[in-house]
Amino acid sequence: MNDIKEVKRRIAELREKHHLDPNDESIINSLIGARIRFVRLLRGKTQTKVANAIGVTFQQIQKYEKGSNGISTPKLMKTSKYLKFSFKWMFSVFKHKEVEDESKVNK
């Protein structure tokens with residue numbers, strides 16, 4: 001549970017940075033990665049399980065979650081199917097400020 005709280009805090013911090021510089025690719029990658037981590041933790045999945053499901057290494061999942069690598073659209077689609085979240089939810093972080101709420105993640 002503490003991991004989820006930490007991810008929520010990180011997402012809020014990144015969202016503020018994104019509003020200051022919406023074109024910064026590293027912030028965008030970090031926001032998407034943090035949201036992937038949020039859902040992964042919420043679903044109780046390991047990085048290895050997600051990696052196996054989408055055809056990458058667990059190290060690549062680590063890089064996506066940290067934002068050091070951007071995730072491709074096909075990999076994001078596979079991730080959303082495996083972790084059961086919607087693209088609408090994933091990208092809503094860029095539209096407006098909202099409180100991270102587990103109930104907004106499609107289950």
# chains A, B, ... in the order shown; residues from 1 in each chain; ligands from 1
call {"tool": "residues_around", "arguments": {"residues": "Leu83 in chain A", "least_positions_apart": "4", "cutoff": "12 Å", "atoms": "only C-alpha atoms", "output": "PyMOL selection string"}}
result
chain A and resi 35-47+49-51+53-54+75-79+87+90+105-107
call {"tool": "write_last_selection", "arguments": {"atoms": "N, CA, C and O atoms", "output": "short mmCIF file (atom, residue, chain, number, x, y, z; two decimals), in the first residue's frame"}}
result
data_model
loop_
_atom_site.label_atom_id
_atom_site.label_comp_id
_atom_site.auth_asym_id
_atom_site.auth_seq_id
_atom_site.Cartn_x
_atom_site.Cartn_y
_atom_site.Cartn_z
N ARG A 35 2.02 5.73 -14.21
CA ARG A 35 0.66 5.19 -14.25
C ARG A 35 0.68 3.68 -14.49
O ARG A 35 -0.13 2.96 -13.93
N ILE A 36 1.60 3.22 -15.33
CA ILE A 36 1.72 1.77 -15.52
C ILE A 36 2.09 1.11 -14.19
O ILE A 36 1.51 0.10 -13.81
N ARG A 37 3.04 1.70 -13.49
CA ARG A 37 3.44 1.15 -12.19
C ARG A 37 2.26 1.15 -11.22
O ARG A 37 2.04 0.18 -10.49
N PHE A 38 1.50 2.23 -11.20
CA PHE A 38 0.33 2.35 -10.33
C PHE A 38 -0.63 1.18 -10.56
O PHE A 38 -1.03 0.50 -9.63
N VAL A 39 -0.98 0.94 -11.82
CA VAL A 39 -1.93 -0.13 -12.12
C VAL A 39 -1.31 -1.50 -11.84
O VAL A 39 -1.97 -2.39 -11.33
N ARG A 40 -0.04 -1.66 -12.18
CA ARG A 40 0.62 -2.94 -11.93
C ARG A 40 0.57 -3.28 -10.44
O ARG A 40 0.22 -4.41 -10.06
N LEU A 41 0.89 -2.32 -9.60
CA LEU A 41 0.84 -2.54 -8.15
C LEU A 41 -0.59 -2.80 -7.69
O LEU A 41 -0.83 -3.67 -6.85
N LEU A 42 -1.52 -2.05 -8.23
CA LEU A 42 -2.93 -2.22 -7.88
C LEU A 42 -3.42 -3.62 -8.22
O LEU A 42 -4.18 -4.22 -7.46
N ARG A 43 -2.94 -4.16 -9.33
CA ARG A 43 -3.35 -5.49 -9.78
C ARG A 43 -2.53 -6.61 -9.12
O ARG A 43 -2.80 -7.78 -9.33
N GLY A 44 -1.49 -6.24 -8.37
CA GLY A 44 -0.67 -7.24 -7.70
C GLY A 44 0.23 -8.03 -8.64
O GLY A 44 0.56 -9.19 -8.36
N LYS A 45 0.64 -7.42 -9.74
CA LYS A 45 1.49 -8.09 -10.73
C LYS A 45 2.94 -7.68 -10.54
O LYS A 45 3.24 -6.55 -10.16
N THR A 46 3.84 -8.60 -10.84
CA THR A 46 5.27 -8.28 -10.80
C THR A 46 5.69 -7.71 -12.15
O THR A 46 4.99 -7.89 -13.16
N GLN A 47 6.84 -7.07 -12.15
CA GLN A 47 7.39 -6.58 -13.42
C GLN A 47 7.66 -7.74 -14.37
O GLN A 47 7.45 -7.62 -15.57
N LYS A 49 5.98 -10.60 -14.60
CA LYS A 49 4.72 -11.07 -15.18
C LYS A 49 4.26 -10.15 -16.30
O LYS A 49 3.81 -10.61 -17.35
N VAL A 50 4.36 -8.85 -16.08
CA VAL A 50 3.96 -7.89 -17.12
C VAL A 50 4.89 -8.04 -18.32
O VAL A 50 4.44 -8.07 -19.47
N ALA A 51 6.18 -8.15 -18.06
CA ALA A 51 7.16 -8.30 -19.14
C ALA A 51 6.86 -9.52 -20.00
O ALA A 51 6.85 -9.44 -21.24
N ALA A 53 4.05 -11.03 -20.37
CA ALA A 53 2.77 -10.85 -21.05
C ALA A 53 2.89 -9.99 -22.31
O ALA A 53 2.15 -10.19 -23.27
N ILE A 54 3.82 -9.03 -22.29
CA ILE A 54 3.92 -8.12 -23.45
C ILE A 54 5.15 -8.37 -24.31
O ILE A 54 5.37 -7.69 -25.30
N LYS A 75 3.08 -1.88 -27.47
CA LYS A 75 3.39 -2.41 -26.14
C LYS A 75 2.42 -1.85 -25.10
O LYS A 75 2.00 -2.54 -24.18
N LEU A 76 2.05 -0.59 -25.25
CA LEU A 76 1.09 0.01 -24.33
C LEU A 76 -0.28 -0.66 -24.49
O LEU A 76 -0.97 -0.90 -23.50
N MET A 77 -0.66 -1.00 -25.71
CA MET A 77 -1.92 -1.71 -25.94
C MET A 77 -1.90 -3.07 -25.26
O MET A 77 -2.86 -3.45 -24.59
N LYS A 78 -0.79 -3.81 -25.40
CA LYS A 78 -0.68 -5.11 -24.75
C LYS A 78 -0.72 -4.96 -23.23
O LYS A 78 -1.36 -5.75 -22.53
N THR A 79 -0.05 -3.94 -22.74
CA THR A 79 -0.03 -3.68 -21.29
C THR A 79 -1.42 -3.36 -20.78
O THR A 79 -1.84 -3.85 -19.74
N PHE A 87 -7.16 3.24 -22.37
CA PHE A 87 -6.33 4.32 -22.89
C PHE A 87 -6.86 5.66 -22.42
O PHE A 87 -6.09 6.57 -22.12
N MET A 90 -5.48 6.23 -19.10
CA MET A 90 -4.03 6.44 -19.16
C MET A 90 -3.69 7.87 -19.56
O MET A 90 -2.81 8.50 -18.99
N VAL A 105 -9.85 3.36 -12.44
CA VAL A 105 -9.17 2.39 -13.28
C VAL A 105 -10.17 1.30 -13.63
O VAL A 105 -10.78 0.71 -12.75
N ASN A 106 -10.39 1.06 -14.92
CA ASN A 106 -11.33 0.00 -15.31
C ASN A 106 -10.86 -1.32 -14.75
O ASN A 106 -9.72 -1.70 -14.91
N LYS A 107 -11.76 -2.02 -14.12
CA LYS A 107 -11.42 -3.32 -13.54
C LYS A 107 -12.07 -4.43 -14.33
O LYS A 107 -13.01 -4.30 -14.97
#
call {"tool": "select_by_dssp", "arguments": {"residues": "chain A", "states": "helix (DSSP H, G or I)", "output": "NGL selection string"}}
result
:A and (2-20 or 25-43 or 47-54 or 58-66 or 73-83 or 87-92 or 102-104)
call {"tool": "closest_atom_pairs", "arguments": {"of": "range 24-84 of chain A", "to": "range 8-15 of chain A", "cutoff": "9 Å", "atoms": "only C-alpha atoms", "output": "JSON lines"}}
result
{"residue": "A:Ile27", "atom": "CA", "partner": "A:Leu14", "partner_atom": "CA", "distance": 6.5}
{"residue": "A:Ile28", "atom": "CA", "partner": "A:Leu14", "partner_atom": "CA", "distance": 8.4}
{"residue": "A:Ser30", "atom": "CA", "partner": "A:Leu14", "partner_atom": "CA", "distance": 7.3}
{"residue": "A:Leu31", "atom": "CA", "partner": "A:Leu14", "partner_atom": "CA", "distance": 6.2}
{"residue": "A:Ala34", "atom": "CA", "partner": "A:Ile11", "partner_atom": "CA", "distance": 6.3}
{"residue": "A:Arg35", "atom": "CA", "partner": "A:Ile11", "partner_atom": "CA", "distance": 7.3}
{"residue": "A:Phe38", "atom": "CA", "partner": "A:Lys8", "partner_atom": "CA", "distance": 7.4}
call {"tool": "residues_around", "arguments": {"residues": "Ile71 in chain A", "least_positions_apart": "2", "cutoff": "9 Å", "atoms": "only C-alpha atoms", "output": "mmCIF file with N, CA, C and O atoms, in the first residue's frame"}}
result
data_model
loop_
_atom_site.group_PDB
_atom_site.id
_atom_site.type_symbol
_atom_site.label_atom_id
_atom_site.label_comp_id
_atom_site.auth_asym_id
_atom_site.auth_seq_id
_atom_site.Cartn_x
_atom_site.Cartn_y
_atom_site.Cartn_z
ATOM 1 N N ASN A 29 6.999 10.555 -20.697
ATOM 2 C CA ASN A 29 7.393 9.156 -20.477
ATOM 3 C C ASN A 29 7.281 8.781 -19.001
ATOM 4 O O ASN A 29 6.844 7.682 -18.663
ATOM 5 N N ILE A 32 3.489 8.392 -17.973
ATOM 6 C CA ILE A 32 2.929 7.137 -18.472
ATOM 7 C C ILE A 32 3.511 5.971 -17.686
ATOM 8 O O ILE A 32 2.790 5.062 -17.264
ATOM 9 N N GLY A 33 4.812 6.000 -17.460
ATOM 10 C CA GLY A 33 5.458 4.937 -16.698
ATOM 11 C C GLY A 33 4.946 4.840 -15.270
ATOM 12 O O GLY A 33 4.722 3.743 -14.750
ATOM 13 N N ILE A 61 10.534 -3.175 -18.431
ATOM 14 C CA ILE A 61 9.394 -2.672 -17.637
ATOM 15 C C ILE A 61 9.905 -1.658 -16.618
ATOM 16 O O ILE A 61 9.284 -0.602 -16.417
ATOM 17 N N TYR A 64 10.415 1.543 -18.463
ATOM 18 C CA TYR A 64 9.139 2.201 -18.751
ATOM 19 C C TYR A 64 8.616 2.897 -17.494
ATOM 20 O O TYR A 64 8.202 4.059 -17.544
ATOM 21 N N GLY A 67 10.435 5.948 -16.608
ATOM 22 C CA GLY A 67 10.347 6.988 -17.624
ATOM 23 C C GLY A 67 11.629 7.170 -18.412
ATOM 24 O O GLY A 67 11.728 8.074 -19.235
ATOM 25 N N ASN A 69 12.745 5.083 -20.607
ATOM 26 C CA ASN A 69 12.382 4.670 -21.966
ATOM 27 C C ASN A 69 10.898 4.916 -22.160
ATOM 28 O O ASN A 69 10.100 4.641 -21.252
ATOM 29 N N THR A 73 3.296 2.325 -28.746
ATOM 30 C CA THR A 73 1.845 2.142 -28.736
ATOM 31 C C THR A 73 1.453 0.664 -28.707
ATOM 32 O O THR A 73 0.594 0.280 -27.900
ATOM 33 N N PRO A 74 2.069 -0.196 -29.544
ATOM 34 C CA PRO A 74 1.688 -1.619 -29.462
ATOM 35 C C PRO A 74 1.962 -2.236 -28.091
ATOM 36 O O PRO A 74 1.142 -3.013 -27.586
ATOM 37 N N LYS A 75 3.078 -1.884 -27.468
ATOM 38 C CA LYS A 75 3.385 -2.414 -26.138
ATOM 39 C C LYS A 75 2.420 -1.848 -25.099
ATOM 40 O O LYS A 75 2.003 -2.544 -24.181
ATOM 41 N N LEU A 76 2.050 -0.586 -25.254
ATOM 42 C CA LEU A 76 1.086 0.015 -24.333
ATOM 43 C C LEU A 76 -0.276 -0.657 -24.486
ATOM 44 O O LEU A 76 -0.973 -0.897 -23.496
#
call {"tool": "atom_distance", "arguments": {"atom1": "CA of Ser68 in chain A", "atom2": "CA of Glu16 in chain A"}}
result
18.6 Å
call {"tool": "residues_around", "arguments": {"residues": "Thr48 in chain A", "least_positions_apart": "3", "cutoff": "8 Å", "atoms": "only C-alpha atoms", "output": "short mmCIF file (atom, residue, chain, number, x, y, z; two decimals) with N, CA and C atoms, in the first residue's frame"}}
result
data_model
loop_
_atom_site.label_atom_id
_atom_site.label_comp_id
_atom_site.auth_asym_id
_atom_site.auth_seq_id
_atom_site.Cartn_x
_atom_site.Cartn_y
_atom_site.Cartn_z
N ALA A 51 6.18 -8.15 -18.06
CA ALA A 51 7.16 -8.30 -19.14
C ALA A 51 6.86 -9.52 -20.00
N ASN A 52 6.61 -10.65 -19.35
CA ASN A 52 6.30 -11.87 -20.09
C ASN A 52 5.04 -11.72 -20.92
N THR A 57 11.67 -7.69 -21.52
CA THR A 57 12.33 -8.12 -20.29
C THR A 57 11.79 -7.31 -19.11
N PHE A 58 11.99 -7.85 -17.89
CA PHE A 58 11.55 -7.09 -16.72
C PHE A 58 12.36 -5.80 -16.60
#
call {"tool": "atom_distance", "arguments": {"atom1": "CA of Lys5 in chain A", "atom2": "CA of Ser26 in chain A"}}
result
22.0 Å
call {"tool": "closest_residue", "arguments": {"among": "A:Ser80, A:Gly55, A:Leu20, A:Gln60", "to": "Phe94 in chain A", "atoms": "only C-alpha atoms"}}
result
A:Leu20
call {"tool": "decode", "arguments": {"residues": "range 29-77 of chain A", "atoms": "N, CA and C atoms", "output": "PDB file, in the first residue's frame"}}
result
ATOM      1  N   ASN A  29       6.999  10.555 -20.697  1.00  0.00           N
ATOM      2  CA  ASN A  29       7.393   9.156 -20.477  1.00  0.00           C
ATOM      3  C   ASN A  29       7.281   8.781 -19.001  1.00  0.00           C
ATOM      4  N   SER A  30       7.682   9.694 -18.133  1.00  0.00           N
ATOM      5  CA  SER A  30       7.633   9.429 -16.696  1.00  0.00           C
ATOM      6  C   SER A  30       6.197   9.312 -16.189  1.00  0.00           C
ATOM      7  N   LEU A  31       5.301  10.162 -16.693  1.00  0.00           N
ATOM      8  CA  LEU A  31       3.896  10.094 -16.288  1.00  0.00           C
ATOM      9  C   LEU A  31       3.254   8.781 -16.735  1.00  0.00           C
ATOM     10  N   ILE A  32       3.489   8.392 -17.973  1.00  0.00           N
ATOM     11  CA  ILE A  32       2.929   7.137 -18.472  1.00  0.00           C
ATOM     12  C   ILE A  32       3.511   5.971 -17.686  1.00  0.00           C
ATOM     13  N   GLY A  33       4.812   6.000 -17.460  1.00  0.00           N
ATOM     14  CA  GLY A  33       5.458   4.937 -16.698  1.00  0.00           C
ATOM     15  C   GLY A  33       4.946   4.840 -15.270  1.00  0.00           C
ATOM     16  N   ALA A  34       4.737   5.980 -14.640  1.00  0.00           N
ATOM     17  CA  ALA A  34       4.225   5.983 -13.264  1.00  0.00           C
ATOM     18  C   ALA A  34       2.811   5.422 -13.213  1.00  0.00           C
ATOM     19  N   ARG A  35       2.023   5.733 -14.213  1.00  0.00           N
ATOM     20  CA  ARG A  35       0.664   5.189 -14.248  1.00  0.00           C
ATOM     21  C   ARG A  35       0.678   3.681 -14.490  1.00  0.00           C
ATOM     22  N   ILE A  36       1.596   3.220 -15.330  1.00  0.00           N
ATOM     23  CA  ILE A  36       1.724   1.769 -15.523  1.00  0.00           C
ATOM     24  C   ILE A  36       2.088   1.109 -14.194  1.00  0.00           C
ATOM     25  N   ARG A  37       3.039   1.702 -13.490  1.00  0.00           N
ATOM     26  CA  ARG A  37       3.439   1.151 -12.186  1.00  0.00           C
ATOM     27  C   ARG A  37       2.256   1.146 -11.216  1.00  0.00           C
ATOM     28  N   PHE A  38       1.503   2.229 -11.198  1.00  0.00           N
ATOM     29  CA  PHE A  38       0.335   2.348 -10.332  1.00  0.00           C
ATOM     30  C   PHE A  38      -0.629   1.182 -10.564  1.00  0.00           C
ATOM     31  N   VAL A  39      -0.980   0.937 -11.819  1.00  0.00           N
ATOM     32  CA  VAL A  39      -1.930  -0.130 -12.122  1.00  0.00           C
ATOM     33  C   VAL A  39      -1.311  -1.501 -11.842  1.00  0.00           C
ATOM     34  N   ARG A  40      -0.045  -1.657 -12.180  1.00  0.00           N
ATOM     35  CA  ARG A  40       0.621  -2.942 -11.930  1.00  0.00           C
ATOM     36  C   ARG A  40       0.565  -3.285 -10.443  1.00  0.00           C
ATOM     37  N   LEU A  41       0.890  -2.316  -9.597  1.00  0.00           N
ATOM     38  CA  LEU A  41       0.840  -2.543  -8.153  1.00  0.00           C
ATOM     39  C   LEU A  41      -0.591  -2.804  -7.687  1.00  0.00           C
ATOM     40  N   LEU A  42      -1.525  -2.051  -8.231  1.00  0.00           N
ATOM     41  CA  LEU A  42      -2.931  -2.215  -7.884  1.00  0.00           C
ATOM     42  C   LEU A  42      -3.418  -3.621  -8.219  1.00  0.00           C
ATOM     43  N   ARG A  43      -2.939  -4.155  -9.326  1.00  0.00           N
ATOM     44  CA  ARG A  43      -3.349  -5.495  -9.776  1.00  0.00           C
ATOM     45  C   ARG A  43      -2.527  -6.612  -9.123  1.00  0.00           C
ATOM     46  N   GLY A  44      -1.487  -6.242  -8.367  1.00  0.00           N
ATOM     47  CA  GLY A  44      -0.668  -7.238  -7.698  1.00  0.00           C
ATOM     48  C   GLY A  44       0.227  -8.028  -8.635  1.00  0.00           C
ATOM     49  N   LYS A  45       0.642  -7.418  -9.740  1.00  0.00           N
ATOM     50  CA  LYS A  45       1.487  -8.087 -10.730  1.00  0.00           C
ATOM     51  C   LYS A  45       2.941  -7.676 -10.541  1.00  0.00           C
ATOM     52  N   THR A  46       3.841  -8.595 -10.840  1.00  0.00           N
ATOM     53  CA  THR A  46       5.266  -8.279 -10.802  1.00  0.00           C
ATOM     54  C   THR A  46       5.690  -7.712 -12.150  1.00  0.00           C
ATOM     55  N   GLN A  47       6.836  -7.071 -12.154  1.00  0.00           N
ATOM     56  CA  GLN A  47       7.390  -6.575 -13.415  1.00  0.00           C
ATOM     57  C   GLN A  47       7.656  -7.741 -14.365  1.00  0.00           C
ATOM     58  N   THR A  48       8.079  -8.868 -13.831  1.00  0.00           N
ATOM     59  CA  THR A  48       8.351 -10.045 -14.657  1.00  0.00           C
ATOM     60  C   THR A  48       7.085 -10.556 -15.332  1.00  0.00           C
ATOM     61  N   LYS A  49       5.983 -10.602 -14.599  1.00  0.00           N
ATOM     62  CA  LYS A  49       4.720 -11.072 -15.182  1.00  0.00           C
ATOM     63  C   LYS A  49       4.258 -10.145 -16.301  1.00  0.00           C
ATOM     64  N   VAL A  50       4.358  -8.846 -16.079  1.00  0.00           N
ATOM     65  CA  VAL A  50       3.964  -7.890 -17.118  1.00  0.00           C
ATOM     66  C   VAL A  50       4.893  -8.036 -18.323  1.00  0.00           C
ATOM     67  N   ALA A  51       6.178  -8.149 -18.060  1.00  0.00           N
ATOM     68  CA  ALA A  51       7.163  -8.298 -19.139  1.00  0.00           C
ATOM     69  C   ALA A  51       6.862  -9.524 -19.996  1.00  0.00           C
ATOM     70  N   ASN A  52       6.614 -10.647 -19.355  1.00  0.00           N
ATOM     71  CA  ASN A  52       6.303 -11.869 -20.092  1.00  0.00           C
ATOM     72  C   ASN A  52       5.036 -11.716 -20.915  1.00  0.00           C
ATOM     73  N   ALA A  53       4.049 -11.026 -20.366  1.00  0.00           N
ATOM     74  CA  ALA A  53       2.769 -10.848 -21.054  1.00  0.00           C
ATOM     75  C   ALA A  53       2.888  -9.986 -22.308  1.00  0.00           C
ATOM     76  N   ILE A  54       3.822  -9.027 -22.293  1.00  0.00           N
ATOM     77  CA  ILE A  54       3.919  -8.118 -23.453  1.00  0.00           C
ATOM     78  C   ILE A  54       5.154  -8.367 -24.309  1.00  0.00           C
ATOM     79  N   GLY A  55       5.981  -9.336 -23.912  1.00  0.00           N
ATOM     80  CA  GLY A  55       7.112  -9.723 -24.749  1.00  0.00           C
ATOM     81  C   GLY A  55       8.356  -8.867 -24.618  1.00  0.00           C
ATOM     82  N   VAL A  56       8.642  -8.401 -23.407  1.00  0.00           N
ATOM     83  CA  VAL A  56       9.882  -7.647 -23.152  1.00  0.00           C
ATOM     84  C   VAL A  56      10.526  -8.224 -21.885  1.00  0.00           C
ATOM     85  N   THR A  57      11.675  -7.694 -21.518  1.00  0.00           N
ATOM     86  CA  THR A  57      12.334  -8.122 -20.287  1.00  0.00           C
ATOM     87  C   THR A  57      11.794  -7.312 -19.106  1.00  0.00           C
ATOM     88  N   PHE A  58      11.994  -7.851 -17.894  1.00  0.00           N
ATOM     89  CA  PHE A  58      11.553  -7.089 -16.722  1.00  0.00           C
ATOM     90  C   PHE A  58      12.355  -5.800 -16.597  1.00  0.00           C
ATOM     91  N   GLN A  59      13.608  -5.806 -17.109  1.00  0.00           N
ATOM     92  CA  GLN A  59      14.410  -4.580 -17.076  1.00  0.00           C
ATOM     93  C   GLN A  59      13.761  -3.488 -17.935  1.00  0.00           C
ATOM     94  N   GLN A  60      13.145  -3.905 -19.042  1.00  0.00           N
ATOM     95  CA  GLN A  60      12.458  -2.932 -19.895  1.00  0.00           C
ATOM     96  C   GLN A  60      11.252  -2.353 -19.168  1.00  0.00           C
ATOM     97  N   ILE A  61      10.534  -3.175 -18.431  1.00  0.00           N
ATOM     98  CA  ILE A  61       9.394  -2.672 -17.637  1.00  0.00           C
ATOM     99  C   ILE A  61       9.905  -1.658 -16.618  1.00  0.00           C
ATOM    100  N   GLN A  62      11.038  -1.947 -15.984  1.00  0.00           N
ATOM    101  CA  GLN A  62      11.632  -0.992 -15.040  1.00  0.00           C
ATOM    102  C   GLN A  62      11.892   0.343 -15.729  1.00  0.00           C
ATOM    103  N   LYS A  63      12.434   0.287 -16.939  1.00  0.00           N
ATOM    104  CA  LYS A  63      12.741   1.515 -17.681  1.00  0.00           C
ATOM    105  C   LYS A  63      11.470   2.271 -18.060  1.00  0.00           C
ATOM    106  N   TYR A  64      10.415   1.543 -18.463  1.00  0.00           N
ATOM    107  CA  TYR A  64       9.139   2.201 -18.751  1.00  0.00           C
ATOM    108  C   TYR A  64       8.616   2.897 -17.494  1.00  0.00           C
ATOM    109  N   GLU A  65       8.624   2.179 -16.377  1.00  0.00           N
ATOM    110  CA  GLU A  65       8.063   2.728 -15.142  1.00  0.00           C
ATOM    111  C   GLU A  65       8.848   3.925 -14.624  1.00  0.00           C
ATOM    112  N   LYS A  66      10.142   3.934 -14.828  1.00  0.00           N
ATOM    113  CA  LYS A  66      10.969   5.072 -14.413  1.00  0.00           C
ATOM    114  C   LYS A  66      10.879   6.228 -15.391  1.00  0.00           C
ATOM    115  N   GLY A  67      10.435   5.948 -16.608  1.00  0.00           N
ATOM    116  CA  GLY A  67      10.347   6.988 -17.624  1.00  0.00           C
ATOM    117  C   GLY A  67      11.629   7.170 -18.412  1.00  0.00           C
ATOM    118  N   SER A  68      12.619   6.306 -18.182  1.00  0.00           N
ATOM    119  CA  SER A  68      13.869   6.443 -18.922  1.00  0.00           C
ATOM    120  C   SER A  68      13.715   5.960 -20.366  1.00  0.00           C
ATOM    121  N   ASN A  69      12.745   5.083 -20.607  1.00  0.00           N
ATOM    122  CA  ASN A  69      12.382   4.670 -21.966  1.00  0.00           C
ATOM    123  C   ASN A  69      10.898   4.916 -22.160  1.00  0.00           C
ATOM    124  N   GLY A  70      10.538   5.390 -23.334  1.00  0.00           N
ATOM    125  CA  GLY A  70       9.125   5.529 -23.663  1.00  0.00           C
ATOM    126  C   GLY A  70       8.592   4.191 -24.153  1.00  0.00           C
ATOM    127  N   ILE A  71       7.327   3.929 -23.878  1.00  0.00           N
ATOM    128  CA  ILE A  71       6.701   2.687 -24.316  1.00  0.00           C
ATOM    129  C   ILE A  71       6.011   2.921 -25.654  1.00  0.00           C
ATOM    130  N   SER A  72       6.160   1.971 -26.570  1.00  0.00           N
ATOM    131  CA  SER A  72       5.524   2.100 -27.883  1.00  0.00           C
ATOM    132  C   SER A  72       4.018   1.871 -27.759  1.00  0.00           C
ATOM    133  N   THR A  73       3.296   2.325 -28.746  1.00  0.00           N
ATOM    134  CA  THR A  73       1.845   2.142 -28.736  1.00  0.00           C
ATOM    135  C   THR A  73       1.453   0.664 -28.707  1.00  0.00           C
ATOM    136  N   PRO A  74       2.069  -0.196 -29.544  1.00  0.00           N
ATOM    137  CA  PRO A  74       1.688  -1.619 -29.462  1.00  0.00           C
ATOM    138  C   PRO A  74       1.962  -2.236 -28.091  1.00  0.00           C
ATOM    139  N   LYS A  75       3.078  -1.884 -27.468  1.00  0.00           N
ATOM    140  CA  LYS A  75       3.385  -2.414 -26.138  1.00  0.00           C
ATOM    141  C   LYS A  75       2.420  -1.848 -25.099  1.00  0.00           C
ATOM    142  N   LEU A  76       2.050  -0.586 -25.254  1.00  0.00           N
ATOM    143  CA  LEU A  76       1.086   0.015 -24.333  1.00  0.00           C
ATOM    144  C   LEU A  76      -0.276  -0.657 -24.486  1.00  0.00           C
ATOM    145  N   MET A  77      -0.656  -1.003 -25.713  1.00  0.00           N
ATOM    146  CA  MET A  77      -1.922  -1.710 -25.942  1.00  0.00           C
ATOM    147  C   MET A  77      -1.901  -3.071 -25.255  1.00  0.00           C
TER     148      MET A  77
END
